[in-house]
$ cat model02.cif   # mmCIF, C-alpha atoms and all ligand atoms
data_data
#
loop_
_atom_site.label_atom_id
_atom_site.label_comp_id
_atom_site.auth_asym_id
_atom_site.auth_seq_id
_atom_site.Cartn_x
_atom_site.Cartn_y
_atom_site.Cartn_z
CA MET H 174 120.22 82.55 -84.84
CA ALA H 175 122.61 85.31 -85.48
CA GLY H 176 123.22 87.72 -82.58
CA LYS H 177 121.89 91.26 -82.75
CA TRP H 178 124.46 93.60 -84.38
CA SER H 179 125.53 96.57 -82.30
CA PRO H 180 127.90 99.36 -83.41
CA ASN H 181 131.30 99.67 -81.82
CA LEU H 182 130.88 102.62 -79.47
CA GLU H 183 134.42 102.56 -78.11
CA PRO H 184 135.91 106.04 -78.37
CA GLU H 185 138.70 106.43 -80.88
CA THR H 186 141.43 108.97 -81.33
CA LEU H 187 140.41 111.81 -83.60
CA ALA H 188 140.81 111.77 -87.37
CA PHE H 189 142.42 115.22 -87.35
CA PRO H 190 144.70 115.34 -84.28
CA ILE H 191 144.95 119.15 -84.21
CA LYS H 192 147.34 120.20 -81.47
CA PRO H 193 147.21 123.43 -79.49
CA ARG H 194 149.78 126.01 -80.59
CA ARG H 195 152.12 127.71 -78.16
CA HIS H 196 150.31 130.49 -76.20
CA GLU H 197 146.95 129.50 -77.73
CA ALA H 198 143.82 129.83 -75.57
CA PHE H 199 141.86 126.68 -74.78
CA ASP H 200 138.67 127.86 -76.54
CA SER H 201 140.62 128.79 -79.67
CA TRP H 202 142.15 125.33 -79.87
CA LEU H 203 138.90 123.50 -79.12
CA SER H 204 137.07 125.59 -81.75
CA ARG H 205 139.65 124.57 -84.35
CA LEU H 206 139.31 120.94 -83.28
CA THR H 207 135.51 120.91 -83.51
CA ALA H 208 135.51 122.88 -86.79
CA ALA H 209 137.90 120.39 -88.40
CA HIS H 210 135.61 117.49 -87.44
CA ARG H 211 132.41 119.45 -88.19
CA VAL H 212 130.92 118.71 -84.77
CA SER H 213 129.75 120.78 -81.83
CA ARG H 214 131.63 120.80 -78.56
CA ALA H 215 128.89 118.68 -76.95
CA GLN H 216 129.14 116.09 -79.75
CA LEU H 217 132.92 115.93 -79.43
CA PHE H 218 132.71 115.45 -75.66
CA ARG H 219 130.06 112.78 -76.09
CA HIS H 220 132.24 110.95 -78.61
CA LEU H 221 135.24 111.04 -76.27
CA GLU H 222 133.11 110.08 -73.23
CA ILE H 223 133.91 113.33 -71.44
CA ALA H 224 131.42 114.56 -68.82
CA PRO H 225 128.79 116.20 -71.06
CA GLY H 226 128.05 119.02 -68.60
CA LEU H 227 131.54 120.43 -69.15
CA SER H 228 130.75 121.39 -72.74
CA ARG H 229 128.39 124.07 -71.47
CA LEU H 230 130.88 125.62 -69.01
CA ASP H 231 133.49 128.31 -69.46
CA LEU H 232 136.73 126.33 -69.52
CA ALA H 233 139.15 129.19 -70.24
CA ARG H 234 140.62 128.89 -66.73
CA GLY H 235 140.57 125.09 -66.61
CA LYS H 236 139.62 123.56 -63.29
CA GLY H 237 140.62 126.81 -61.57
CA GLY H 238 137.38 128.29 -62.92
CA LEU H 239 135.18 125.36 -61.94
CA ASP H 240 133.45 124.15 -58.82
CA PRO H 241 135.72 121.80 -56.79
CA ALA H 242 133.18 119.02 -57.40
CA LEU H 243 134.09 119.19 -61.11
CA HIS H 244 137.88 119.15 -60.73
CA ALA H 245 138.13 115.39 -61.25
CA ALA H 246 135.92 115.59 -64.34
CA CYS H 247 138.07 118.43 -65.70
CA ASP H 248 141.27 116.43 -65.14
CA ALA H 249 139.66 113.48 -66.92
CA MET H 250 138.67 115.79 -69.80
CA VAL H 251 142.26 116.99 -70.19
CA GLU H 252 143.53 113.41 -70.15
CA ARG H 253 140.95 112.32 -72.69
CA LEU H 254 141.57 115.22 -75.07
CA ALA H 255 145.32 114.73 -74.81
CA TRP H 256 144.87 111.05 -75.67
CA ALA H 257 142.56 111.92 -78.59
CA VAL H 258 145.08 114.25 -80.24
CA GLU H 259 148.16 112.36 -79.04
CA ILE H 260 149.86 115.01 -76.94
CA ASP H 261 151.01 115.41 -73.36
CA PRO H 262 148.22 116.67 -71.01
CA GLU H 263 150.54 119.47 -69.91
CA GLN H 264 150.21 120.98 -73.38
CA ILE H 265 146.49 121.34 -72.78
CA ASN H 266 146.96 122.65 -69.24
CA ALA H 267 149.19 125.36 -70.75
CA THR H 268 146.20 126.73 -72.69
CA PHE H 269 144.37 127.64 -69.47
CA LEU H 270 144.67 130.95 -67.64
CA ALA H 271 145.12 131.04 -63.87
CA CYS H 272 143.92 134.61 -63.22
CA GLU H 273 140.68 135.74 -61.59
CA ALA H 274 137.49 135.36 -63.64
CA ALA H 275 136.87 139.11 -63.54
CA ALA H 276 140.04 139.74 -65.55
CA LEU H 277 138.63 137.84 -68.54
CA LEU H 278 136.28 139.17 -71.17
CA PRO H 279 132.82 137.56 -71.13
CA SER H 280 133.03 134.44 -73.31
CA ALA H 281 130.88 135.93 -76.11
CA HIS H 282 133.35 138.81 -76.44
CA ARG H 283 136.56 136.78 -76.71
CA ARG H 284 137.03 137.43 -80.40
CA TYR H 285 140.04 139.72 -80.74
CA VAL H 286 143.17 138.73 -82.63
CA CYS H 287 146.26 140.42 -84.04
CA ALA H 288 145.65 140.74 -87.78
CA LEU H 289 149.39 140.73 -88.49
CA CYS H 290 149.96 137.52 -86.47
CA CYS H 291 147.10 135.92 -88.42
CA TYR H 292 148.46 137.22 -91.72
CA GLU H 293 151.90 135.77 -91.04
CA ALA H 294 150.45 132.47 -89.83
CA GLN H 295 148.22 132.22 -92.86
CA ARG H 296 151.11 132.92 -95.25
CA ALA H 297 153.11 130.21 -93.52
CA GLY H 298 150.19 127.79 -93.97
CA GLY H 299 149.24 127.82 -90.27
CA PRO H 300 145.88 128.36 -88.58
CA VAL H 301 144.39 131.58 -87.22
CA ILE H 302 144.59 131.26 -83.43
CA ALA H 303 143.68 133.43 -80.42
CA ARG H 304 146.49 133.81 -77.90
CA ARG H 305 145.68 133.46 -74.21
CA GLU H 306 146.37 137.12 -73.38
CA TRP H 307 143.90 138.36 -76.02
CA ILE H 308 140.89 137.21 -73.99
CA LEU H 309 141.78 139.52 -71.08
CA ARG H 310 139.82 142.73 -70.52
CA ALA H 311 143.01 144.78 -70.27
CA SER H 312 144.45 143.34 -73.51
CA TRP H 313 144.20 145.47 -76.65
CA ARG H 314 147.51 145.22 -78.54
CA CYS H 315 149.77 142.44 -79.76
CA SER H 316 152.86 141.98 -77.64
CA LEU H 317 154.81 140.80 -80.72
CA HIS H 318 153.87 143.52 -83.21
CA GLY H 319 152.61 146.31 -80.96
CA LEU H 320 149.56 146.46 -83.23
CA PRO H 321 146.03 147.11 -81.88
CA LEU H 322 143.92 143.95 -82.03
CA THR H 323 141.19 143.28 -84.59
CA ASP H 324 137.65 142.10 -83.99
CA MET H 325 137.39 138.69 -85.67
CA ARG H 326 133.84 139.50 -86.75
CA SER H 327 135.34 141.87 -89.32
CA LEU H 328 137.24 138.95 -90.92
CA PRO H 329 135.51 136.41 -93.17
CA LEU H 330 137.26 133.39 -91.66
CA GLU H 331 135.50 131.08 -94.09
CA ALA H 332 137.57 132.77 -96.81
CA THR H 333 140.78 131.03 -97.76
CA GLY H 334 144.00 131.67 -99.61
CA ARG H 335 144.64 135.04 -101.17
CA GLN H 336 141.15 136.30 -100.35
CA LEU H 337 141.72 135.82 -96.61
CA GLN H 338 145.19 137.35 -96.94
CA ALA H 339 143.67 140.43 -98.57
CA PHE H 340 141.17 140.82 -95.73
CA LEU H 341 143.91 140.36 -93.13
CA ALA H 342 146.13 142.91 -94.88
CA HIS H 343 143.25 145.38 -94.85
CA ALA H 344 142.69 144.71 -91.13
CA VAL H 345 146.40 145.35 -90.48
CA MET H 346 146.07 148.73 -92.20
CA ARG H 347 143.01 149.62 -90.10
CA SER H 348 144.92 148.73 -86.91
CA ARG H 349 147.92 150.77 -88.07
CA ARG H 350 145.61 153.74 -88.55
CA ILE H 351 144.49 153.48 -84.89
CA GLN H 352 148.12 153.16 -83.86
CA TRP H 353 149.10 156.34 -85.72
CA LYS H 354 146.05 158.31 -84.70
CA ILE H 355 146.00 157.45 -80.98
CA LYS H 356 149.52 157.46 -79.66
CA PRO H 357 149.71 155.62 -76.31
CA THR H 358 152.26 156.82 -73.78
CA SER H 359 155.25 154.59 -73.08
CA ALA H 360 154.45 154.60 -69.33
CA ALA H 361 150.90 153.36 -69.97
CA LEU H 362 152.17 150.69 -72.35
CA ALA H 363 154.74 149.47 -69.81
CA ARG H 364 152.04 149.30 -67.11
CA ASN H 365 149.74 147.41 -69.43
CA LYS H 366 152.48 144.93 -70.35
CA THR H 367 153.36 144.29 -66.69
CA VAL H 368 149.73 143.59 -65.83
CA ILE H 369 149.19 141.31 -68.85
CA ASP H 370 152.37 139.37 -67.99
CA TYR H 371 151.12 139.02 -64.42
CA LEU H 372 147.67 137.79 -65.51
CA ILE H 373 148.90 135.17 -67.96
CA GLY H 374 151.62 133.83 -65.70
CA PRO H 375 150.95 134.73 -62.09
CA SER H 376 153.19 131.95 -60.85
CA ASP H 377 156.16 134.38 -60.92
CA TRP H 378 154.29 136.64 -58.53
CA VAL H 379 153.61 134.12 -55.77
CA GLY H 380 154.05 135.88 -52.44
CA LEU H 381 154.24 139.33 -54.06
CA ALA H 382 151.57 142.03 -54.19
CA PRO H 383 149.80 142.19 -57.56
CA PRO H 384 151.25 144.99 -59.70
CA TYR H 385 149.30 148.21 -60.29
CA GLN H 386 146.29 147.14 -58.22
CA ARG H 387 144.19 150.23 -59.02
CA TYR H 388 144.94 149.96 -62.74
CA GLN H 389 143.85 146.33 -62.67
CA GLU H 390 140.66 147.19 -60.83
CA ARG H 391 139.89 149.86 -63.41
CA PHE H 392 140.21 147.43 -66.32
CA VAL H 393 138.17 144.79 -64.53
CA ALA H 394 135.40 147.33 -63.97
CA ASN H 395 135.42 148.93 -67.42
CA GLN H 396 132.74 147.93 -69.90
CA TYR H 397 134.62 148.70 -73.11
CA HIS H 398 133.63 145.38 -74.64
CA PHE H 399 130.10 146.76 -75.00
CA ALA H 400 131.44 149.55 -77.22
CA CYS H 401 131.86 148.58 -80.87
CA GLU H 402 135.18 150.45 -80.83
CA ARG H 403 136.55 148.57 -77.82
CA ILE H 404 140.13 148.53 -79.07
CA ALA H 405 140.14 152.24 -79.97
CA MET H 406 138.67 153.03 -76.52
CA LEU H 407 141.43 151.04 -74.81
CA ALA H 408 144.04 152.76 -76.98
CA LEU H 409 142.57 156.10 -75.92
CA ALA H 410 142.64 155.04 -72.26
CA HIS H 411 146.41 154.53 -72.61
CA SER H 412 147.05 157.82 -74.43
CA PRO H 413 147.39 161.41 -73.22
CA ARG H 414 143.79 161.91 -74.40
CA ALA H 415 142.43 159.45 -71.83
CA LYS H 416 139.51 161.66 -70.77
CA ALA H 417 137.19 160.47 -73.56
CA ALA H 418 137.61 156.86 -72.46
CA LEU H 419 137.17 157.85 -68.84
CA ARG H 420 133.92 159.65 -69.68
CA PHE H 421 132.61 156.43 -71.24
CA GLU H 422 133.53 154.48 -68.09
CA ARG H 423 131.76 157.00 -65.87
CA MET H 424 128.70 157.09 -68.07
CA ILE H 425 128.30 153.35 -68.19
CA THR H 426 128.76 152.88 -64.43
CA THR H 427 125.97 155.37 -63.79
CA ARG H 428 122.99 153.55 -62.38
CA LEU H 429 120.55 153.25 -65.24
CA ALA H 430 117.83 150.76 -66.13
CA GLU H 431 119.16 148.05 -68.48
CA ARG H 432 122.77 148.89 -67.59
CA PRO H 433 125.15 146.02 -68.46
CA LEU H 434 126.52 144.37 -65.33
CA THR H 435 130.17 143.45 -64.78
CA GLU H 436 129.60 139.75 -65.35
CA GLY H 437 128.03 140.36 -68.73
CA ARG H 438 124.38 140.08 -67.69
CA ILE H 439 121.85 142.83 -68.25
CA GLU H 440 120.13 144.35 -65.24
CA THR H 441 116.38 143.68 -65.28
CA PRO H 442 114.74 146.90 -66.38
CA VAL H 443 112.40 148.54 -63.89
CA ARG H 444 109.27 149.82 -65.58
CA GLY H 445 108.72 153.45 -64.69
CA ALA H 446 105.50 155.43 -64.87
CA LEU H 447 103.74 155.15 -68.24
CA ARG H 448 103.74 158.91 -68.79
CA LEU H 449 107.55 158.93 -68.29
CA ARG H 450 108.04 156.04 -70.72
CA THR H 451 105.74 157.58 -73.36
CA CYS H 452 106.87 161.16 -72.69
CA LYS H 453 103.23 162.27 -72.52
CA LEU H 454 102.14 165.32 -70.58
CA PRO H 455 100.86 164.52 -67.08
CA LYS H 456 97.16 163.92 -66.77
CA PRO H 457 95.12 166.85 -65.38
CA ARG H 458 93.87 166.22 -61.84
CA SER H 459 90.21 166.75 -62.88
CA LYS H 460 88.43 167.08 -66.20
CA TRP H 461 85.68 169.20 -64.64
CA ALA H 462 84.92 172.42 -66.39
CA CYS H 463 81.75 174.42 -65.90
CA ASP H 464 79.58 173.63 -68.94
CA ILE H 465 75.96 174.69 -68.31
CA PHE H 466 74.51 172.60 -71.15
CA ALA H 467 76.30 169.46 -69.90
CA LEU H 468 74.89 170.22 -66.45
CA PHE H 469 71.34 170.42 -67.81
CA ALA H 470 71.81 167.16 -69.73
CA ALA H 471 73.13 165.42 -66.60
CA TYR H 472 70.20 166.69 -64.54
CA GLY H 473 67.73 165.48 -67.18
CA THR H 474 69.32 162.02 -67.25
CA ALA H 475 69.26 161.74 -63.43
CA ARG H 476 65.65 162.88 -63.31
CA GLN H 477 64.60 160.38 -65.97
CA ARG H 478 66.30 157.53 -64.09
CA GLN H 479 64.63 158.63 -60.85
CA GLU H 480 61.16 158.54 -62.45
CA GLN H 481 61.79 155.08 -63.88
CA GLU H 482 62.89 153.77 -60.47
CA THR H 483 59.83 155.27 -58.77
CA ALA H 484 57.47 153.66 -61.29
CA LEU H 485 59.23 150.33 -60.90
CA ALA H 486 59.02 150.50 -57.07
CA ALA H 487 55.30 151.32 -57.21
CA GLU H 488 54.59 148.43 -59.57
CA PHE H 489 56.57 146.02 -57.36
CA ALA H 490 54.65 147.17 -54.24
CA ARG H 491 51.32 146.69 -56.01
CA TYR H 492 52.29 143.23 -57.15
CA GLU H 493 53.45 142.18 -53.69
CA GLY H 494 50.55 143.85 -51.88
CA LEU H 495 52.82 146.23 -50.04
CA PRO H 496 52.04 149.85 -49.14
CA PRO H 497 53.10 152.22 -51.94
CA PRO H 498 56.56 153.71 -51.56
CA SER H 499 57.07 157.35 -50.85
CA GLN H 500 57.09 159.58 -53.91
CA ALA H 501 60.75 160.52 -53.46
CA ALA H 502 62.86 157.62 -54.70
CA TRP H 503 65.90 159.47 -53.39
CA PRO H 504 64.98 160.81 -50.00
CA SER H 505 68.00 163.05 -50.29
CA ARG H 506 66.66 165.73 -48.09
CA GLY H 507 66.10 163.34 -45.21
CA LEU H 508 69.44 161.67 -45.69
CA LEU H 509 71.32 164.95 -45.93
CA ASP H 510 69.63 166.16 -42.80
CA ALA H 511 70.54 162.96 -40.98
CA ALA H 512 74.14 163.18 -42.23
CA SER H 513 74.53 166.77 -41.16
CA ARG H 514 73.18 165.88 -37.78
CA ALA H 515 75.69 163.03 -37.47
CA VAL H 516 78.74 165.31 -37.94
CA PRO H 517 80.58 165.35 -34.59
CA GLY H 518 80.42 168.67 -32.94
CA SER H 519 77.60 169.93 -35.17
CA ALA H 520 74.89 168.88 -32.72
ZN ZN Z 1 150.81 140.21 -83.67
#
$ encode --input "model02.cif" --output "structure tokens"
Amino acid sequence: MAGKWSPNLEPETLAFPIKPRRHEAFDSWLSRLTAAHRVSRAQLFRHLEIAPGLSRLDLARGKGGLDPALHAACDAMVERLAWAVEIDPEQINATFLACEAAALLPSAHRRYVCALCCYEAQRAGGPVIARREWILRASWRCSLHGLPLTDMRSLPLEATGRQLQAFLAHAVMRSRRIQWKIKPTSAALARNKTVIDYLIGPSDWVGLAPPYQRYQERFVANQYHFACERIAMLALAHSPRAKAALRFERMITTRLAERPLTEGRIETPVRGALRLRTCKLPKPRSKWACDIFALFAAYGTARQRQEQETALAAEFARYEGLPPPSQAAWPSRGLLDAASRAVPGSA
């Protein structure tokens, strides 16, 4: 009897061994790799027998951004990926950033590229990549071209050839317009460059104090990525007209319900009073108004109910053989007298 057939599940090197480019961020490279093979990150990791939990984590900082318990798994992932695309593991380690997590944009907002870099790469037949420094909060212009970055959502990356080139050329013109309109100061640009250089390669700063500490803290705390004009806001923050950007920072750090938090989460809204949420006028304390006809109607209703209760009590007493109840179903007089007598000090 023939043995049961089972598929060969041994991992193999990838069909398209796409290698990371120089200065490319890890996520940018891995996105290109998964897109070329038309698989998700989880499927790729499963195929290469990489710890599946890693596919759900933010790997932009490599094992430096992970729990120590996952360091071995991260090293194994780097080894495995390097084997799959036939490169040295150090080439993958070079895609990671070693800065603090707070210096990075939240992962959903890491989508800024230099349109001119992409244009040139595309003309040369290369891929559109995101450089490591472009995923930093403080990053807003290309260090090669000095051009403000472009939100990738404005580019139809599924387009190819001349169509993509036309879109990229248009994006370059939009960035140039920001550059001409908002003129950053040379001192602010130099400060920004020093900080970006520090964040992407802090190894040169070992033993030295971080440069421009307050500037760094400001760009860690800012929430510009929530503004659709993030790049223009950052350009403004580095120009002589920095007050508009500063006003935005102050406004967004004001304690408000549903204010975005630094780590990208949204603060749970606290439900206020209904009249404040609906902007209705406050309720009056009492609806009482002297209406003599309503008073007569209320008296008539009470009297009718009293008579019904008296008749019911008399019938019940007759049925049970009890003495008939007093005529007053509500012995209010007696009760009121008793109550007034019970008031302390009134005796
Ligand atoms: Zn560029």
$ atom_distance --input "model02.cif" --atom1 "CA of Leu381 in chain H" --atom2 "CA of Ala245 in chain H"
29.7 Å
$ residues_near_ligand --input "model02.cif" --ligand "ligand ZN 1 (chain Z)" --cutoff "7 Å" --atoms "only C-alpha atoms and all ligand atoms" --output "PyMOL selection string"
chain H and resi 287-290+315-320
$ closest_residue --input "model02.cif" --among "H:Val212, H:Val393, H:Leu419, H:Val258" --to "Pro279 in chain H" --atoms "all atoms listed in the file"
H:Val393
$ atom_distance --input "model02.cif" --atom1 "CA of Glu422 in chain H" --atom2 "CA of Arg387 in chain H"
14.6 Å
$ atom_distance --input "model02.cif" --atom1 "CA of Ala246 in chain H" --atom2 "CA of Pro225 in chain H"
9.8 Å
$ residues_around --input "model02.cif" --residues "range 404-418 of chain H" --least-positions-apart "2" --cutoff "6 Å" --atoms "all atoms listed in the file" --output "PyMOL selection string"
chain H and resi 313+356-358+361+402+420-421
$ closest_residue --input "model02.cif" --among "H:Lys236, H:Arg194, H:Arg326, H:Arg305" --to "Cys401 in chain H" --atoms "all atoms listed in the file"
H:Arg326
$ closest_residue --input "model02.cif" --among "H:His220, H:Arg314, H:Arg296, H:His196" --to "Arg349 in chain H" --atoms "all atoms listed in the file"
H:Arg314
$ build_atoms --input "model02.cif" --residues "range 251-276 of chain H" --atoms "N, CA and C atoms" --output "PDB file, in the frame of the given file"
ATOM      1  N   VAL H 251     140.934 116.660 -69.651  1.00  0.00           N
ATOM      2  CA  VAL H 251     142.260 116.990 -70.190  1.00  0.00           C
ATOM      3  C   VAL H 251     142.974 115.717 -70.634  1.00  0.00           C
ATOM      4  N   GLU H 252     142.893 114.693 -69.798  1.00  0.00           N
ATOM      5  CA  GLU H 252     143.530 113.410 -70.150  1.00  0.00           C
ATOM      6  C   GLU H 252     142.950 112.851 -71.440  1.00  0.00           C
ATOM      7  N   ARG H 253     141.640 112.906 -71.533  1.00  0.00           N
ATOM      8  CA  ARG H 253     140.950 112.320 -72.690  1.00  0.00           C
ATOM      9  C   ARG H 253     141.285 113.089 -73.976  1.00  0.00           C
ATOM     10  N   LEU H 254     141.261 114.413 -73.884  1.00  0.00           N
ATOM     11  CA  LEU H 254     141.570 115.220 -75.070  1.00  0.00           C
ATOM     12  C   LEU H 254     143.025 115.014 -75.500  1.00  0.00           C
ATOM     13  N   ALA H 255     143.907 114.931 -74.499  1.00  0.00           N
ATOM     14  CA  ALA H 255     145.320 114.730 -74.810  1.00  0.00           C
ATOM     15  C   ALA H 255     145.529 113.383 -75.509  1.00  0.00           C
ATOM     16  N   TRP H 256     144.797 112.379 -75.028  1.00  0.00           N
ATOM     17  CA  TRP H 256     144.870 111.050 -75.670  1.00  0.00           C
ATOM     18  C   TRP H 256     144.323 111.115 -77.100  1.00  0.00           C
ATOM     19  N   ALA H 257     143.214 111.881 -77.275  1.00  0.00           N
ATOM     20  CA  ALA H 257     142.560 111.920 -78.590  1.00  0.00           C
ATOM     21  C   ALA H 257     143.419 112.591 -79.647  1.00  0.00           C
ATOM     22  N   VAL H 258     144.244 113.577 -79.237  1.00  0.00           N
ATOM     23  CA  VAL H 258     145.080 114.250 -80.240  1.00  0.00           C
ATOM     24  C   VAL H 258     146.559 113.890 -80.069  1.00  0.00           C
ATOM     25  N   GLU H 259     146.814 112.933 -79.201  1.00  0.00           N
ATOM     26  CA  GLU H 259     148.160 112.360 -79.040  1.00  0.00           C
ATOM     27  C   GLU H 259     149.198 113.391 -78.618  1.00  0.00           C
ATOM     28  N   ILE H 260     148.884 114.067 -77.517  1.00  0.00           N
ATOM     29  CA  ILE H 260     149.860 115.010 -76.940  1.00  0.00           C
ATOM     30  C   ILE H 260     149.941 114.785 -75.442  1.00  0.00           C
ATOM     31  N   ASP H 261     150.892 115.481 -74.816  1.00  0.00           N
ATOM     32  CA  ASP H 261     151.010 115.410 -73.360  1.00  0.00           C
ATOM     33  C   ASP H 261     149.932 116.288 -72.726  1.00  0.00           C
ATOM     34  N   PRO H 262     149.263 115.842 -71.646  1.00  0.00           N
ATOM     35  CA  PRO H 262     148.220 116.670 -71.010  1.00  0.00           C
ATOM     36  C   PRO H 262     148.723 118.056 -70.608  1.00  0.00           C
ATOM     37  N   GLU H 263     150.006 118.163 -70.316  1.00  0.00           N
ATOM     38  CA  GLU H 263     150.540 119.470 -69.910  1.00  0.00           C
ATOM     39  C   GLU H 263     150.397 120.512 -71.018  1.00  0.00           C
ATOM     40  N   GLN H 264     150.381 120.048 -72.263  1.00  0.00           N
ATOM     41  CA  GLN H 264     150.210 120.980 -73.380  1.00  0.00           C
ATOM     42  C   GLN H 264     148.812 121.592 -73.367  1.00  0.00           C
ATOM     43  N   ILE H 265     147.860 120.812 -72.889  1.00  0.00           N
ATOM     44  CA  ILE H 265     146.490 121.340 -72.780  1.00  0.00           C
ATOM     45  C   ILE H 265     146.386 122.231 -71.545  1.00  0.00           C
ATOM     46  N   ASN H 266     147.000 121.814 -70.451  1.00  0.00           N
ATOM     47  CA  ASN H 266     146.960 122.650 -69.240  1.00  0.00           C
ATOM     48  C   ASN H 266     147.584 124.020 -69.499  1.00  0.00           C
ATOM     49  N   ALA H 267     148.543 124.078 -70.434  1.00  0.00           N
ATOM     50  CA  ALA H 267     149.190 125.360 -70.750  1.00  0.00           C
ATOM     51  C   ALA H 267     148.270 126.317 -71.485  1.00  0.00           C
ATOM     52  N   THR H 268     147.127 125.830 -71.990  1.00  0.00           N
ATOM     53  CA  THR H 268     146.200 126.730 -72.690  1.00  0.00           C
ATOM     54  C   THR H 268     145.275 127.458 -71.718  1.00  0.00           C
ATOM     55  N   PHE H 269     145.261 127.022 -70.458  1.00  0.00           N
ATOM     56  CA  PHE H 269     144.370 127.640 -69.470  1.00  0.00           C
ATOM     57  C   PHE H 269     145.026 128.876 -68.867  1.00  0.00           C
ATOM     58  N   LEU H 270     144.183 129.777 -68.372  1.00  0.00           N
ATOM     59  CA  LEU H 270     144.670 130.950 -67.640  1.00  0.00           C
ATOM     60  C   LEU H 270     144.420 130.705 -66.152  1.00  0.00           C
ATOM     61  N   ALA H 271     145.280 131.279 -65.322  1.00  0.00           N
ATOM     62  CA  ALA H 271     145.120 131.040 -63.870  1.00  0.00           C
ATOM     63  C   ALA H 271     144.701 132.311 -63.141  1.00  0.00           C
ATOM     64  N   CYS H 272     144.273 133.337 -63.870  1.00  0.00           N
ATOM     65  CA  CYS H 272     143.920 134.610 -63.220  1.00  0.00           C
ATOM     66  C   CYS H 272     142.480 134.554 -62.689  1.00  0.00           C
ATOM     67  N   GLU H 273     142.058 135.652 -62.082  1.00  0.00           N
ATOM     68  CA  GLU H 273     140.680 135.740 -61.590  1.00  0.00           C
ATOM     69  C   GLU H 273     139.719 135.832 -62.774  1.00  0.00           C
ATOM     70  N   ALA H 274     138.490 135.345 -62.554  1.00  0.00           N
ATOM     71  CA  ALA H 274     137.490 135.360 -63.640  1.00  0.00           C
ATOM     72  C   ALA H 274     137.194 136.772 -64.109  1.00  0.00           C
ATOM     73  N   ALA H 275     137.237 137.731 -63.181  1.00  0.00           N
ATOM     74  CA  ALA H 275     136.870 139.110 -63.540  1.00  0.00           C
ATOM     75  C   ALA H 275     137.842 139.729 -64.535  1.00  0.00           C
ATOM     76  N   ALA H 276     139.049 139.173 -64.613  1.00  0.00           N
ATOM     77  CA  ALA H 276     140.040 139.740 -65.550  1.00  0.00           C
ATOM     78  C   ALA H 276     139.781 139.328 -66.988  1.00  0.00           C
TER      79      ALA H 276
END
